[in-house]
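Novice: Quick one: structure below, then a few questions.
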Amino acid sequence: MTDEKIPVAGVIGAPIAHSKSPALHGYWLKRHGLRGHYVPLHVEQSDLAQVLRTLPRMGFRGVNVTIPHKQSVLDLADHVTDRAALIGAANTLTFRDDGRIHADNTDGFGFIENLRQNAPDWRASDGPAALFGAGGAARAVITALIDAGVPEIRITNRTRTRTEALRKEFGAKLTVYDWVQAGNTLDDAATVINTTSLGMTGKADFRVPLDGLSRDALVTDIVYTPLETALLEHARMRGCRTVDGLGMLLYQAVPAFERWFGERPEVDEDVRQAVLSA
Ligand code: ATR
């Protein structure tokens, strides 16, 4: 027996049973032959501060954060990265040796890496992006696209006040379009992204007329249940390249796994299947 500490990490949220993160990290630990544990933790809002003070003392190296804590953890962290501050949410907390909490957001990294790996010719700078939705996921994607050099982002959302607010916050690269005229955002768009929850199993499909869309455009969805949403199916039938949303979930976890367990994990078909069947 050695007294070397076995690394432990997890995911906090409420509810937490649906989270795919334990299956993902668990698969990688096994695949890389690493000693370590990754556990789902149901944490209510009223307990959040105390839980975050306690976890480092219990030997946790860090936690992923999901609904409803992604915003509130920023106030409890000792250090917040610029990108997490800009997005206004964190999905990854790392506990330093002295117990201090470092908050980061890797959702934007996951989004861009998914496109880069699955559509190697794609560049954010290829042309305007048409983005649907204005929630937390939209903020992460907008930040990543601007970072990656997109010339313009056309944003459309059912609730227009939210897109107007994003325009004020993220600046001149954003142009606000009306939800009822969503199709107008597609003229000469190089990248099309659905960040709404429409298209998810149990919800209505996200539908936009693709008539004006170039066949050179790349279309992606952050929804991954089902993998092929109606949007992706129509885009594929039109001849466009499509990338499903599962990769975003997988790639956002890569930096955290490496930080906590010491090896950079592989993203491939085997891990996709492991997560899908979880
Ligand atoms: P997340 O943090 O995952 O992005 P969110 O903040 O709840 O979640 O945002 C969900 C997005 O899906 C929003 O853009 C929402 O539009 P509203 O801002 O108008 O609520 C969009 N959305 C959800 N259900 C929708 C529906 N039935 N029709 C159109 N948009 C919908």
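Starting from 1 in every chain, residues are counted up; chains themselves are A, B, ... following the order of the structure tokens, and ligands are numbered from 1 as listed.
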Using only C-alpha atoms, determine which residues lie at most 10 Å from Asp211 in chain A, disregarding the query and same-chain residues fewer than 6 positions distant; provide the list as a list of chain:residue names.
Specialist: A:Gly183, A:Asn184, A:Leu186, A:Asp187, A:Arg238
Novice: Give me the residues of range 29-102 of chain A that have any atom at most 12 Å from an atom of range 152-171 of chain A; for each, the nearest atom pair and the distance in Å, rounded to one decimal. Use only C-alpha atoms, sort by chain and number, and format it as CSV.
Specialist:
```
residue,atom,partner,partner_atom,distance
A:Leu86,CA,A:Phe170,CA,8.8
A:Ile87,CA,A:Phe170,CA,9.9
A:Gly88,CA,A:Glu169,CA,11.2
```
Novice: With N, CA, C and O atoms retained, export the selected residues as a PDB file, in the first residue's frame.
Specialist:
```
ATOM      1  N   LEU A  86     -16.450  36.637 -18.836  1.00  0.00           N
ATOM      2  CA  LEU A  86     -17.127  37.145 -20.022  1.00  0.00           C
ATOM      3  C   LEU A  86     -18.415  36.365 -20.301  1.00  0.00           C
ATOM      4  O   LEU A  86     -19.453  36.946 -20.629  1.00  0.00           O
ATOM      5  N   ILE A  87     -18.350  35.059 -20.150  1.00  0.00           N
ATOM      6  CA  ILE A  87     -19.533  34.225 -20.390  1.00  0.00           C
ATOM      7  C   ILE A  87     -20.539  34.408 -19.251  1.00  0.00           C
ATOM      8  O   ILE A  87     -21.737  34.280 -19.431  1.00  0.00           O
ATOM      9  N   GLY A  88     -20.015  34.731 -18.048  1.00  0.00           N
ATOM     10  CA  GLY A  88     -20.895  34.918 -16.891  1.00  0.00           C
ATOM     11  C   GLY A  88     -21.267  33.606 -16.234  1.00  0.00           C
ATOM     12  O   GLY A  88     -22.278  33.507 -15.533  1.00  0.00           O
TER      13      GLY A  88
END
```
Novice: Can you check which parts of range 76-187 of chain A lie within 9 Å of range 52-56 of chain A? Per residue, the shortest pair of atoms and distance in Å to one decimal, counting only C-alpha atoms, sorted by chain and number, as CSV.
Specialist:
```
residue,atom,partner,partner_atom,distance
A:Leu76,CA,A:Leu52,CA,8.1
A:Ala77,CA,A:Leu52,CA,8.9
A:Phe95,CA,A:Pro56,CA,6.0
A:Arg96,CA,A:Pro56,CA,8.0
A:Asp97,CA,A:Pro56,CA,8.1
A:Asp98,CA,A:Pro56,CA,8.5
A:Gly99,CA,A:Pro56,CA,5.6
A:Arg100,CA,A:Pro56,CA,8.4
A:Ile101,CA,A:Leu52,CA,8.3
```
Novice: Write out as a PyMOL selection string which residues come within 7 Å of range 106-118 of chain A when counting only C-alpha atoms, dropping same-chain ones fewer than 4 positions away.
Specialist: chain A and resi 91+122+140-141+143-144+243+247-249+251-252
Novice: What would the file look like if the residues just selected were written as a PDB file, in the first residue's frame with C-alpha atoms?
Specialist:
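As written to disk, result_26.pdb reads:
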```pdb
ATOM      1  CA  ASN A  91     -18.446  24.816 -15.832  1.00  0.00           C
ATOM      2  CA  TRP A 122     -13.690  24.983 -41.271  1.00  0.00           C
ATOM      3  CA  ALA A 140     -20.116  30.544 -24.557  1.00  0.00           C
ATOM      4  CA  VAL A 141     -20.352  30.013 -28.322  1.00  0.00           C
ATOM      5  CA  THR A 143     -17.200  34.236 -26.922  1.00  0.00           C
ATOM      6  CA  ALA A 144     -15.437  31.352 -28.681  1.00  0.00           C
ATOM      7  CA  VAL A 243     -21.373  18.448 -36.972  1.00  0.00           C
ATOM      8  CA  GLY A 247     -18.453  16.438 -29.442  1.00  0.00           C
ATOM      9  CA  MET A 248     -18.941  19.762 -27.637  1.00  0.00           C
ATOM     10  CA  LEU A 249     -19.817  17.852 -24.466  1.00  0.00           C
ATOM     11  CA  TYR A 251     -14.232  18.257 -25.719  1.00  0.00           C
ATOM     12  CA  GLN A 252     -15.329  20.638 -22.942  1.00  0.00           C
TER      13      GLN A 252
END
```
Novice: Expressed in Å to a single decimal, how great is the separation between CA of Ser197 in chain A and CA of Asp244 in chain A?
Specialist: 13.8 Å
Novice: Can you list, as a ChimeraX atom specification, every residue of range 28-223 of chain A that DSSP puts in strand (DSSP E or B)?
Specialist: /A:37-42,60-65,79-80,92-95,101-104,129-132,153-156,174-177,191-194,218-221
Novice: Using only C-alpha atoms and all ligand atoms, which residues of the polymer chains come no farther than 8 Å from ligand 1? I'd like the answer as a PyMOL selection string.
Specialist: chain A and resi 132-139+157-160+162+195-198+203-204+206
Novice: What is the distance between CA of Pro151 in chain A and CA of Ala124 in chain A, in Å to one decimal?
Specialist: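 Computing the Euclidean distance for CA of Pro151 in chain A and CA of Ala124 in chain A yields 7.9 Å.
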